[in-house]
Structure formats: C-alpha cells, structure tokens
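Peer 1: Input file: my_file30.cif. Contents: mmCIF, C-alpha atoms.
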```cif
data_upload
loop_
_atom_site.group_PDB
_atom_site.id
_atom_site.type_symbol
_atom_site.label_atom_id
_atom_site.label_comp_id
_atom_site.auth_asym_id
_atom_site.auth_seq_id
_atom_site.Cartn_x
_atom_site.Cartn_y
_atom_site.Cartn_z
ATOM 1 C CA MET A 1 -16.926 7.137 0.675
ATOM 2 C CA GLU A 2 -13.901 9.031 -0.566
ATOM 3 C CA LYS A 3 -10.534 7.282 -0.633
ATOM 4 C CA LYS A 4 -7.708 9.278 0.946
ATOM 5 C CA LEU A 5 -4.137 8.444 0.005
ATOM 6 C CA LEU A 6 -0.929 9.963 1.402
ATOM 7 C CA ILE A 7 1.921 9.896 -1.112
ATOM 8 C CA ALA A 8 5.512 10.347 0.079
ATOM 9 C CA MET A 9 7.157 12.375 -2.687
ATOM 10 C CA ASP A 10 10.531 13.555 -3.899
ATOM 11 C CA ALA A 11 11.951 14.421 -7.320
ATOM 12 C CA SER A 12 13.180 10.874 -8.015
ATOM 13 C CA VAL A 13 12.125 8.408 -10.684
ATOM 14 C CA TYR A 14 10.665 6.262 -7.897
ATOM 15 C CA SER A 15 8.104 8.942 -7.095
ATOM 16 C CA SER A 16 7.403 9.217 -10.825
ATOM 17 C CA ASN A 17 6.677 5.475 -10.859
ATOM 18 C CA THR A 18 4.263 6.001 -7.969
ATOM 19 C CA LEU A 19 2.390 8.722 -9.868
ATOM 20 C CA HIS A 20 2.189 6.448 -12.917
ATOM 21 C CA TYR A 21 0.666 3.700 -10.771
ATOM 22 C CA LEU A 22 -1.943 6.057 -9.306
ATOM 23 C CA GLU A 23 -2.830 7.417 -12.753
ATOM 24 C CA ARG A 24 -3.369 3.938 -14.144
ATOM 25 C CA LEU A 25 -5.473 2.835 -11.198
ATOM 26 C CA PHE A 26 -7.515 5.948 -10.381
ATOM 27 C CA GLY A 27 -7.550 8.149 -13.482
ATOM 28 C CA GLY A 28 -11.093 9.374 -14.168
ATOM 29 C CA GLN A 29 -12.437 8.441 -10.709
ATOM 30 C CA GLU A 30 -13.904 11.332 -8.768
ATOM 31 C CA ASP A 31 -13.898 9.775 -5.288
ATOM 32 C CA ILE A 32 -10.108 9.647 -4.913
ATOM 33 C CA ARG A 33 -8.246 12.253 -2.848
ATOM 34 C CA ILE A 34 -4.452 12.389 -3.020
ATOM 35 C CA HIS A 35 -2.152 14.276 -0.651
ATOM 36 C CA LEU A 36 1.439 14.694 -1.855
ATOM 37 C CA LEU A 37 3.902 15.131 1.011
ATOM 38 C CA THR A 38 7.581 16.081 0.801
ATOM 39 C CA VAL A 39 9.770 16.252 3.895
ATOM 40 C CA ILE A 40 12.930 18.375 4.019
ATOM 41 C CA PRO A 41 15.112 17.373 6.998
ATOM 42 C CA CYS A 42 16.909 20.117 8.894
ATOM 43 C CA SER A 43 18.958 20.551 12.050
ATOM 44 C CA PRO A 44 17.331 21.504 15.384
ATOM 45 C CA SER A 45 19.007 24.908 15.238
ATOM 46 C CA GLU A 46 17.449 25.638 11.842
ATOM 47 C CA ALA A 47 14.024 24.625 13.124
ATOM 48 C CA ALA A 48 14.275 26.676 16.314
ATOM 49 C CA SER A 49 12.251 29.461 14.743
ATOM 50 C CA GLN A 50 9.341 27.362 13.487
ATOM 51 C CA TRP A 51 6.912 29.728 15.196
ATOM 52 C CA LEU A 52 7.703 32.125 12.349
ATOM 53 C CA ASN A 53 5.487 32.260 9.299
ATOM 54 C CA GLU A 54 6.464 30.276 6.208
ATOM 55 C CA GLN A 55 8.431 33.026 4.471
ATOM 56 C CA GLU A 56 10.321 33.984 7.656
ATOM 57 C CA LEU A 57 11.154 30.339 8.273
ATOM 58 C CA MET A 58 12.411 29.944 4.708
ATOM 59 C CA ASN A 59 14.652 32.981 5.168
ATOM 60 C CA SER A 60 16.104 31.508 8.362
ATOM 61 C CA LEU A 61 17.214 28.309 6.611
ATOM 62 C CA SER A 62 20.613 27.808 5.036
ATOM 63 C CA ARG A 63 20.980 28.595 1.344
ATOM 64 C CA GLU A 64 21.190 24.868 0.573
ATOM 65 C CA LYS A 65 17.927 24.125 2.417
ATOM 66 C CA GLN A 66 16.231 27.048 0.697
ATOM 67 C CA LYS A 67 17.208 25.583 -2.674
ATOM 68 C CA GLN A 68 15.840 22.195 -1.628
ATOM 69 C CA CYS A 69 12.519 23.754 -0.601
ATOM 70 C CA THR A 70 12.242 25.737 -3.829
ATOM 71 C CA SER A 71 12.980 22.607 -5.850
ATOM 72 C CA ALA A 72 10.440 20.615 -3.816
ATOM 73 C CA LYS A 73 7.698 23.157 -4.451
ATOM 74 C CA LYS A 74 8.404 22.977 -8.169
ATOM 75 C CA PHE A 75 8.214 19.204 -8.443
ATOM 76 C CA LEU A 76 5.079 19.101 -6.281
ATOM 77 C CA HIS A 77 3.497 21.616 -8.664
ATOM 78 C CA ARG A 78 4.592 19.529 -11.651
ATOM 79 C CA ALA A 79 3.160 16.395 -10.009
ATOM 80 C CA VAL A 80 -0.255 18.051 -9.641
ATOM 81 C CA GLU A 81 -0.162 19.106 -13.301
ATOM 82 C CA ARG A 82 0.836 15.618 -14.384
ATOM 83 C CA LEU A 83 -1.963 13.965 -12.423
ATOM 84 C CA GLY A 84 -4.394 16.467 -13.955
ATOM 85 C CA ARG A 85 -3.311 15.475 -17.457
ATOM 86 C CA ASN A 86 -3.964 11.836 -16.601
ATOM 87 C CA GLY A 87 -7.445 11.958 -15.137
ATOM 88 C CA ILE A 88 -6.946 13.069 -11.526
ATOM 89 C CA ALA A 89 -8.140 16.676 -11.337
ATOM 90 C CA PRO A 90 -6.196 19.368 -9.400
ATOM 91 C CA GLU A 91 -9.087 19.741 -6.941
ATOM 92 C CA GLN A 92 -8.576 16.080 -5.993
ATOM 93 C CA VAL A 93 -4.920 16.690 -5.121
ATOM 94 C CA SER A 94 -3.337 18.602 -2.244
ATOM 95 C CA THR A 95 0.349 19.188 -1.521
ATOM 96 C CA GLU A 96 2.437 19.783 1.591
ATOM 97 C CA LEU A 97 6.077 20.620 2.197
ATOM 98 C CA LYS A 98 7.315 19.902 5.709
ATOM 99 C CA ILE A 99 10.571 21.060 7.253
ATOM 100 C CA SER A 100 11.352 18.620 10.040
ATOM 101 C CA THR A 101 14.075 17.749 12.533
ATOM 102 C CA THR A 102 12.951 14.115 12.635
ATOM 103 C CA SER A 103 13.703 11.512 9.982
ATOM 104 C CA PRO A 104 11.603 11.679 6.801
ATOM 105 C CA ALA A 105 10.208 8.192 7.508
ATOM 106 C CA ALA A 106 9.059 9.183 11.009
ATOM 107 C CA GLU A 107 7.510 12.423 9.729
ATOM 108 C CA VAL A 108 5.609 10.634 6.953
ATOM 109 C CA LEU A 109 4.308 7.969 9.338
ATOM 110 C CA ASN A 110 3.174 10.636 11.783
ATOM 111 C CA SER A 111 1.291 12.437 9.004
ATOM 112 C CA ALA A 112 -0.315 9.191 7.840
ATOM 113 C CA ARG A 113 -1.656 8.494 11.307
ATOM 114 C CA LYS A 114 -2.822 12.032 12.080
ATOM 115 C CA GLY A 115 -4.498 12.501 8.702
ATOM 116 C CA MET A 116 -6.633 9.347 8.928
ATOM 117 C CA PHE A 117 -5.522 8.251 5.463
ATOM 118 C CA ASP A 118 -6.740 5.012 3.921
ATOM 119 C CA ALA A 119 -3.196 4.173 2.793
ATOM 120 C CA LEU A 120 0.372 5.428 2.723
ATOM 121 C CA VAL A 121 1.981 5.110 -0.722
ATOM 122 C CA ILE A 122 5.733 5.208 -1.384
ATOM 123 C CA GLY A 123 7.999 4.361 -4.283
ATOM 124 C CA ARG A 124 10.651 1.799 -3.569
ATOM 125 C CA ARG A 125 14.218 3.011 -3.948
ATOM 126 C CA GLY A 126 16.389 1.401 -6.596
ATOM 127 C CA VAL A 127 18.710 -0.433 -4.234
ATOM 128 C CA SER A 128 19.581 -4.072 -4.575
ATOM 129 C CA LYS A 129 18.075 -6.633 -2.225
ATOM 130 C CA LEU A 130 21.478 -7.053 -0.558
ATOM 131 C CA GLU A 131 21.912 -3.302 -0.083
ATOM 132 C CA GLU A 132 18.426 -3.074 1.415
ATOM 133 C CA LEU A 133 19.188 -5.979 3.757
ATOM 134 C CA ILE A 134 22.458 -4.440 4.963
ATOM 135 C CA MET A 135 21.662 -0.717 4.998
ATOM 136 C CA GLY A 136 17.889 -0.719 5.234
ATOM 137 C CA SER A 137 15.632 1.632 3.286
ATOM 138 C CA VAL A 138 12.866 4.133 3.920
ATOM 139 C CA SER A 139 10.276 1.705 2.568
ATOM 140 C CA SER A 140 11.470 -1.220 4.713
ATOM 141 C CA THR A 141 11.586 1.035 7.789
ATOM 142 C CA MET A 142 8.008 2.136 7.196
ATOM 143 C CA VAL A 143 6.836 -1.445 6.678
ATOM 144 C CA GLN A 144 8.404 -2.488 9.968
ATOM 145 C CA LYS A 145 6.924 0.411 11.945
ATOM 146 C CA CYS A 146 3.578 1.014 10.248
ATOM 147 C CA HIS A 147 1.063 -1.608 11.342
ATOM 148 C CA ASP A 148 -1.918 0.695 11.850
ATOM 149 C CA VAL A 149 -2.110 2.251 8.352
ATOM 150 C CA PRO A 150 -2.108 0.158 5.156
ATOM 151 C CA ILE A 151 1.089 0.777 3.218
ATOM 152 C CA TRP A 152 1.579 0.415 -0.529
ATOM 153 C CA ILE A 153 5.112 -0.125 -1.843
ATOM 154 C CA ILE A 154 5.470 0.616 -5.570
ATOM 155 C CA ASP A 155 8.443 -1.083 -7.213
ATOM 156 C CA GLY A 156 9.243 -0.104 -10.794
ATOM 157 C CA VAL A 157 6.766 0.793 -13.541
ATOM 158 C CA VAL A 158 3.449 -0.975 -12.956
ATOM 159 C CA ASP A 159 0.944 -0.920 -15.818
ATOM 160 C CA SER A 160 -1.282 -3.897 -15.013
ATOM 161 C CA ARG A 161 -4.544 -3.265 -13.152
ATOM 162 C CA THR A 162 -4.873 -6.881 -12.053
ATOM 163 C CA PHE A 163 -4.709 -7.799 -8.369
ATOM 164 C CA LEU A 164 -3.412 -11.004 -6.804
ATOM 165 C CA VAL A 165 -4.825 -11.566 -3.310
ATOM 166 C CA PRO A 166 -3.338 -14.491 -1.343
ATOM 167 C CA VAL A 167 -6.030 -16.049 0.868
ATOM 168 C CA ASP A 168 -5.611 -18.593 3.645
ATOM 169 C CA GLY A 169 -8.831 -18.434 5.681
ATOM 170 C CA SER A 170 -7.412 -16.133 8.358
ATOM 171 C CA HIS A 171 -8.888 -12.860 9.562
ATOM 172 C CA PHE A 172 -5.656 -11.200 8.389
ATOM 173 C CA THR A 173 -6.710 -12.099 4.844
ATOM 174 C CA LEU A 174 -10.156 -10.644 5.396
ATOM 175 C CA ASN A 175 -8.634 -7.402 6.734
ATOM 176 C CA ALA A 176 -6.711 -7.069 3.467
ATOM 177 C CA VAL A 177 -9.810 -7.853 1.392
ATOM 178 C CA ASP A 178 -11.857 -5.336 3.379
ATOM 179 C CA HIS A 179 -9.282 -2.660 2.488
ATOM 180 C CA LEU A 180 -9.353 -3.779 -1.150
ATOM 181 C CA CYS A 181 -13.160 -3.572 -1.240
ATOM 182 C CA HIS A 182 -13.063 0.063 -0.160
ATOM 183 C CA ILE A 183 -10.287 1.088 -2.533
ATOM 184 C CA LEU A 184 -11.710 -0.687 -5.610
ATOM 185 C CA LYS A 185 -15.329 0.328 -5.073
ATOM 186 C CA GLY A 186 -16.532 1.768 -8.371
ATOM 187 C CA ASN A 187 -13.281 0.963 -10.191
ATOM 188 C CA PRO A 188 -14.146 0.159 -13.824
ATOM 189 C CA HIS A 189 -10.903 -1.630 -14.727
ATOM 190 C CA ALA A 190 -9.575 -3.768 -11.872
ATOM 191 C CA GLU A 191 -9.564 -7.567 -11.944
ATOM 192 C CA VAL A 192 -9.081 -9.563 -8.726
ATOM 193 C CA THR A 193 -7.716 -13.095 -8.411
ATOM 194 C CA LEU A 194 -8.029 -14.861 -5.060
ATOM 195 C CA PHE A 195 -4.994 -17.108 -4.752
ATOM 196 C CA HIS A 196 -4.457 -19.992 -2.340
ATOM 197 C CA SER A 197 -1.152 -21.805 -1.972
ATOM 198 C CA ALA A 198 -1.428 -25.215 -0.335
ATOM 199 C CA SER A 199 2.365 -25.595 -0.311
ATOM 200 C CA MET A 200 4.068 -27.788 2.224
ATOM 201 C CA PHE A 201 4.968 -25.063 4.706
ATOM 202 C CA ALA A 202 1.837 -22.930 4.309
ATOM 203 C CA GLN A 203 0.336 -22.400 7.756
ATOM 204 C CA LYS A 204 -3.236 -23.578 8.086
ATOM 205 C CA GLN A 205 -5.710 -20.965 9.312
ATOM 206 C CA ASP A 206 -9.201 -21.076 10.739
ATOM 207 C CA LEU A 207 -11.678 -18.212 10.462
ATOM 208 C CA SER A 208 -13.582 -17.740 13.702
ATOM 209 C CA GLU A 209 -17.333 -17.254 13.542
ATOM 210 C CA GLY A 210 -17.024 -14.058 15.571
ATOM 211 C CA TYR A 211 -14.631 -12.482 13.098
ATOM 212 C CA CYS A 212 -16.677 -13.696 10.150
ATOM 213 C CA ASN A 213 -19.705 -11.913 11.619
ATOM 214 C CA ARG A 214 -17.761 -8.629 11.744
ATOM 215 C CA LEU A 215 -17.343 -8.540 7.972
ATOM 216 C CA LEU A 216 -20.215 -10.656 6.638
ATOM 217 C CA SER A 217 -23.792 -11.227 7.733
ATOM 218 C CA PRO A 218 -24.501 -13.770 10.511
ATOM 219 C CA GLU A 219 -26.774 -15.606 8.074
ATOM 220 C CA TRP A 220 -23.974 -15.979 5.532
ATOM 221 C CA CYS A 221 -21.446 -17.037 8.177
ATOM 222 C CA GLY A 222 -23.852 -19.560 9.636
ATOM 223 C CA LYS A 223 -24.423 -21.099 6.225
ATOM 224 C CA HIS A 224 -20.829 -21.121 4.947
ATOM 225 C CA GLY A 225 -18.664 -20.922 8.075
ATOM 226 C CA SER A 226 -17.828 -24.647 8.102
ATOM 227 C CA ASP A 227 -17.245 -24.905 4.362
ATOM 228 C CA LYS A 228 -13.768 -26.249 3.577
ATOM 229 C CA GLU A 229 -13.386 -23.531 0.922
ATOM 230 C CA ILE A 230 -14.196 -20.647 3.251
ATOM 231 C CA TYR A 231 -10.824 -19.089 2.333
ATOM 232 C CA PHE A 232 -12.228 -18.439 -1.170
ATOM 233 C CA LEU A 233 -15.892 -17.954 -0.375
ATOM 234 C CA ALA A 234 -15.576 -15.252 2.304
ATOM 235 C CA PRO A 235 -13.289 -12.862 0.345
ATOM 236 C CA ARG A 236 -15.386 -13.342 -2.791
ATOM 237 C CA GLN A 237 -18.603 -12.518 -0.954
ATOM 238 C CA MET A 238 -17.053 -9.425 0.626
ATOM 239 C CA LEU A 239 -16.060 -8.123 -2.809
ATOM 240 C CA ILE A 240 -19.532 -8.800 -4.205
ATOM 241 C CA ASN A 241 -21.178 -7.108 -1.214
ATOM 242 C CA SER A 242 -19.056 -4.008 -1.900
ATOM 243 C CA GLY A 243 -20.385 -3.839 -5.461
ATOM 244 C CA PHE A 244 -17.415 -5.398 -7.212
ATOM 245 C CA PRO A 245 -18.593 -7.316 -10.322
ATOM 246 C CA PRO A 246 -18.505 -11.131 -9.821
ATOM 247 C CA GLU A 247 -17.267 -11.642 -13.383
ATOM 248 C CA ARG A 248 -14.064 -9.775 -12.464
ATOM 249 C CA ILE A 249 -13.336 -12.023 -9.475
ATOM 250 C CA HIS A 250 -11.229 -15.087 -10.285
ATOM 251 C CA ARG A 251 -9.939 -18.072 -8.359
ATOM 252 C CA LEU A 252 -6.549 -19.747 -8.484
ATOM 253 C CA GLU A 253 -5.028 -22.500 -6.368
ATOM 254 C CA THR A 254 -1.684 -24.282 -6.425
ATOM 255 C CA ARG A 255 -0.137 -27.172 -4.549
ATOM 256 C CA LYS A 256 3.321 -26.761 -6.050
ATOM 257 C CA GLY A 257 6.429 -25.707 -4.173
ATOM 258 C CA MET A 258 7.319 -25.600 -0.494
ATOM 259 C CA TYR A 259 6.925 -21.953 0.503
ATOM 260 C CA PRO A 260 3.820 -19.796 -0.061
ATOM 261 C CA SER A 261 5.868 -16.600 -0.432
ATOM 262 C CA ARG A 262 7.702 -17.995 -3.460
ATOM 263 C CA GLN A 263 4.464 -19.241 -4.986
ATOM 264 C CA ILE A 264 2.849 -15.816 -4.606
ATOM 265 C CA VAL A 265 5.745 -13.992 -6.279
ATOM 266 C CA ARG A 266 6.042 -16.666 -8.986
ATOM 267 C CA GLN A 267 2.340 -16.416 -9.804
ATOM 268 C CA ALA A 268 2.487 -12.629 -9.958
ATOM 269 C CA LEU A 269 5.365 -12.887 -12.437
ATOM 270 C CA ILE A 270 3.789 -15.599 -14.617
ATOM 271 C CA ASP A 271 0.416 -13.881 -14.985
ATOM 272 C CA ASP A 272 1.695 -10.271 -14.920
ATOM 273 C CA PHE A 273 -0.249 -9.167 -11.858
ATOM 274 C CA GLY A 274 0.316 -5.497 -11.115
ATOM 275 C CA THR A 275 -0.526 -5.568 -7.421
ATOM 276 C CA ILE A 276 -0.225 -8.107 -4.617
ATOM 277 C CA VAL A 277 -2.494 -7.459 -1.627
ATOM 278 C CA MET A 278 -1.277 -9.007 1.640
ATOM 279 C CA GLY A 279 -2.736 -9.210 5.120
ATOM 280 C CA ARG A 280 -0.249 -9.580 7.975
ATOM 281 C CA ARG A 281 -0.245 -10.529 11.609
ATOM 282 C CA HIS A 282 -0.384 -8.011 14.431
ATOM 283 C CA LYS A 283 3.108 -6.861 15.354
ATOM 284 C CA GLU A 284 2.788 -8.481 18.793
ATOM 285 C CA MET A 285 2.265 -11.929 17.265
ATOM 286 C CA ALA A 286 5.179 -14.273 16.696
ATOM 287 C CA LYS A 287 6.198 -15.026 13.132
ATOM 288 C CA GLY A 288 6.245 -18.532 11.771
ATOM 289 C CA VAL A 289 9.295 -20.784 11.799
ATOM 290 C CA PHE A 290 10.328 -19.577 8.353
ATOM 291 C CA GLY A 291 9.621 -15.874 8.962
ATOM 292 C CA SER A 292 6.986 -13.509 7.675
ATOM 293 C CA VAL A 293 5.382 -14.384 4.327
ATOM 294 C CA THR A 294 4.636 -10.691 3.795
ATOM 295 C CA GLU A 295 8.246 -9.629 4.305
ATOM 296 C CA LYS A 296 9.494 -12.357 1.970
ATOM 297 C CA VAL A 297 7.023 -11.391 -0.756
ATOM 298 C CA LEU A 298 8.065 -7.749 -0.470
ATOM 299 C CA ALA A 299 11.754 -8.693 -0.655
ATOM 300 C CA MET A 300 11.335 -10.857 -3.759
ATOM 301 C CA SER A 301 8.879 -8.747 -5.773
ATOM 302 C CA ASP A 302 10.049 -6.688 -8.762
ATOM 303 C CA ASN A 303 8.064 -4.240 -10.910
ATOM 304 C CA THR A 304 5.030 -4.881 -8.733
ATOM 305 C CA ALA A 305 3.025 -2.939 -6.180
ATOM 306 C CA VAL A 306 2.626 -4.671 -2.817
ATOM 307 C CA TRP A 307 -0.156 -3.571 -0.468
ATOM 308 C CA ILE A 308 0.418 -4.545 3.155
ATOM 309 C CA VAL A 309 -2.575 -4.348 5.463
ATOM 310 C CA GLY A 310 -1.914 -4.826 9.181
#
```
Can you give me the file's structure in the form of structure tokens?
Peer 2:
Amino acid sequence: MEKKLLIAMDASVYSSNTLHYLERLFGGQEDIRIHLLTVIPCSPSEAASQWLNEQELMNSLSREKQKQCTSAKKFLHRAVERLGRNGIAPEQVSTELKISTTSPAAEVLNSARKGMFDALVIGRRGVSKLEELIMGSVSSTMVQKCHDVPIWIIDGVVDSRTFLVPVDGSHFTLNAVDHLCHILKGNPHAEVTLFHSASMFAQKQDLSEGYCNRLLSPEWCGKHGSDKEIYFLAPRQMLINSGFPPERIHRLETRKGMYPSRQIVRQALIDDFGTIVMGRRHKEMAKGVFGSVTEKVLAMSDNTAVWIVG
C-alpha cells in the first residue's frame, strides 16, 4: 500500500529540516506519496470572493497577500525540485496553496482529516521551551487537537534512520507499532529498537486478549498472551509479520531513573536515535498523576523526530 504524507510547508528553515528528514527516510522508495501544503491566512473580506477562479481570487487580494502567494508558489516549486534531486520523484509529490480565513493550524488539520493521510508532518519552530509553554506553537496546538491522524514533529536536522519505540504492553503501544509497520514496510535502511523503561513511576499496562487478536493471530495471542515479556514480543512479531527484517529489530530495557519520559529522551540522546515513536491515550482518558509521557517527551526532545500516534 502507498504511504500518504501531508507536509505543512513554509519558506522557513524548519520546513527545510522536514524535507531533509523525508529525503533521508524515503529517498529511492516508490511507494511514498507526499503532499506539500502551504496556507496563506487572509481576512473574511478578502475571501468573500472565493467563488472566483484562482487568478481572479489572486487579483482580489491585497498586494501584500499577492506577494505572499507568489513567494509560496516559488518555494513549493523549489521543494519539489529538491525532493527530486534526493530520490523522491516529482510524480510522487503534489503541492497545494490554500488561502484561508481560519488559522493555519486548523486548515492543515482539516486537510489531514479530509485527505485520509497516513501522517501529518510539520517542522518544529525554533522557539525555546519556555516560549512554547507561555505562547504556544503551531506544532503544540496540532498535537493537542489531532488525535485521529498520526502527527510527526521534526525538530532540527535529523540524519539518523534509527527508531526508538517505547513499549509498555498497552494497546496504545501496539497502535504506534502498527503505524510504524506500515510506514517502514520495504524500507531498506531503518533500524528499530523496542525500549522498555521499568522506572519507578512507569505505569504498568496489560494487553487484553481481544486487542491482541486485532493485530496478531489468535494462535499467536493464545500462545504468548500471558508471557511476562509480551510488551517486547507483540511489537516484534507485528514488525516481522509486516516484512521487517528480524535482524534490524533490537531490544533495550532499563530500570534506571524515576520517570519513563526522561529515560526515553536520555536513551535517544545517548544512542543517537533519529526518531521516537510514541503511542498515546485517547483524548477522553485521564492522564497519569505526573502528566502525559508523550507530551513530556515532545517537550524535552531536541534534534529528533517524534511520531505521535493516537
């Protein structure tokens, strides 16, 4: 199956970092489809004539907005050329420029849902953690609101094609691994490490037989469902079933520290993992006493891609 990714784009270095990440991960793979989306916000009065064709609409915009649209078309064109030079052919890439009265974040999320994309990919802005906490950011807004489409946050320049996947035996973990299986199917470079933190405040999870049967065969679940290491065995078997080579699946466990979020980020830094893949609870579910592990990992990670699968 083809993999469809929606990339929120602008002319910033953060979007350039996102393109670099995609080139490293998917260059030379023919089953990837990338849609580059740029949103130009405008006032309701400027958008009142959206029934007009594209050229008429452009002419109705202010001179400043026209310049923004012209600039956006140029950097979208340059992005397609750049991807082509790095193994992702122009026929695998589509572009879209939207003029919208809603916020860019809301417009991108709407497009992600309507387009049935496998993931929404955005570059993280270069604000400090304190600035992001006080003022918020587009990426943090999307993470808070987007629970139905996997979202990838790219922070900095990521070269490594190694993946760190925290596992705890929950079905949230298996959701994340199921997404990873689809995205990495046929990937000739990726390495996956399944990581379990048995730290003091790590919440213990149990994988129900019913949920196990949704992602693995009843025979396998019946044989391994009560195994104390099900948190490693189930994700590993899912990857193998998807065709991922067993020799590129690794296992890592730690009992150090008090908080799993810190252990995840620390391990990613020590071993230079390029991507952390996280499953998270449904938005209706209460967070633990010490907050969301996913949110903490995202807040602490630097020069790393974080995939969040709801």
Peer 1: Using all atoms listed in the file, can you list as a PyMOL selection string the residues within 10 Å of (-2.4, 0.1, 12.0)?
Peer 2: chain A and resi 113+145-151+282-283+309-310
Peer 1: Select, from A:Arg124, A:Val39, A:Val158, A:Lys65, the residue with the minimum atom-to-atom distance to Asn110 in chain A, counting all atoms listed in the file.
Peer 2: A:Val39
Peer 1: Taking only C-alpha atoms into account, name the residue in A:Glu64, A:Glu96, A:Glu2, A:Glu30 that is nearest to Val108 in chain A.
Peer 2: A:Glu96
Peer 1: Go through the shown structure with the PyMOL selection byres ((chain A and resi 260) around 8) and write out the matching residues as a PyMOL selection string.
Peer 2: chain A and resi 197-199+201-202+257-259+261-264+293
Peer 1: Skipping near chain neighbours, those fewer than 4 positions away, what residues fall within 12 Å of Val13 in chain A using only C-alpha atoms, listed as a PDB file with C-alpha atoms, in the coordinates of the input?
Peer 2:
```
ATOM      1  CA  MET A   9       7.157  12.375  -2.687  1.00  0.00           C
ATOM      2  CA  ASN A  17       6.677   5.475 -10.859  1.00  0.00           C
ATOM      3  CA  THR A  18       4.263   6.001  -7.969  1.00  0.00           C
ATOM      4  CA  LEU A  19       2.390   8.722  -9.868  1.00  0.00           C
ATOM      5  CA  HIS A  20       2.189   6.448 -12.917  1.00  0.00           C
ATOM      6  CA  PHE A  75       8.214  19.204  -8.443  1.00  0.00           C
ATOM      7  CA  ILE A 122       5.733   5.208  -1.384  1.00  0.00           C
ATOM      8  CA  GLY A 123       7.999   4.361  -4.283  1.00  0.00           C
ATOM      9  CA  ARG A 124      10.651   1.799  -3.569  1.00  0.00           C
ATOM     10  CA  ARG A 125      14.218   3.011  -3.948  1.00  0.00           C
ATOM     11  CA  GLY A 126      16.389   1.401  -6.596  1.00  0.00           C
ATOM     12  CA  ILE A 154       5.470   0.616  -5.570  1.00  0.00           C
ATOM     13  CA  ASP A 155       8.443  -1.083  -7.213  1.00  0.00           C
ATOM     14  CA  GLY A 156       9.243  -0.104 -10.794  1.00  0.00           C
ATOM     15  CA  VAL A 157       6.766   0.793 -13.541  1.00  0.00           C
TER      16      VAL A 157
END
```
Peer 1: Using all atoms listed in the file, which residue out of A:Ala112, A:Leu6, A:Ala268, A:Leu215 lies closest to Ala234 in chain A?
Peer 2: A:Leu215
Peer 1: For CA of Arg236 in chain A and CA of Leu180 in chain A, quote the distance in Å rounded to one decimal.
Peer 2: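 Computed distance, CA of Arg236 in chain A to CA of Leu180 in chain A, equals 11.4 Å.
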Peer 1: I'd like the residues picked by the PyMOL selection byres ((chain A and resi 190) around 12) written out as a ChimeraX atom specification, using the chain letters and numbers from the file.
Peer 2: /A:24-26,159-164,180-181,183-189,191-193,239,244-250,273-275
Peer 1: By how many Å are CA of Leu233 in chain A and CA of Val177 in chain A apart?
Peer 2: 11.9 Å
Peer 1: Which distance in Å separates CA of Ala72 in chain A and CA of Thr38 in chain A, to one decimal?
Peer 2: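 Computing the Euclidean distance for CA of Ala72 in chain A and CA of Thr38 in chain A yields 7.1 Å.
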Peer 1: Mind listing as a count of residues only all residues within 12 Å of (3.5, 23.5, -4.8), counting all atoms listed in the file?
Peer 2: 25
Peer 1: Show me, as a PDB file with C-alpha atoms, keeping the file's coordinate frame, the residues that have an atom within 7 Å of Ser103 in chain A when counting all atoms listed in the file, minus same-chain residues fewer than 3 positions from it.
Peer 2:
```pdb
ATOM      1  CA  PRO A  41      15.112  17.373   6.998  1.00  0.00           C
ATOM      2  CA  ALA A 106       9.059   9.183  11.009  1.00  0.00           C
ATOM      3  CA  GLU A 107       7.510  12.423   9.729  1.00  0.00           C
TER       4      GLU A 107
END
```
Peer 1: Given 6 Å on each side, where is the centre and what are the edge lengths in Å to one decimal of the axis-aligned box enclosing the listed atoms of range 113-123 of chain A, as JSON?
Peer 2:
```
{"center_x": 0.6, "center_y": 8.3, "center_z": 3.9, "size_x": 26.7, "size_y": 20.3, "size_z": 28.4}
```
Peer 1: With the file shown as input, list the residues that the PyMOL selection byres ((chain A and resi 118) around 8) selects, as an MDAnalysis selection string.
Peer 2: chainID A and resid 3:5 116:117 119:120 149:150
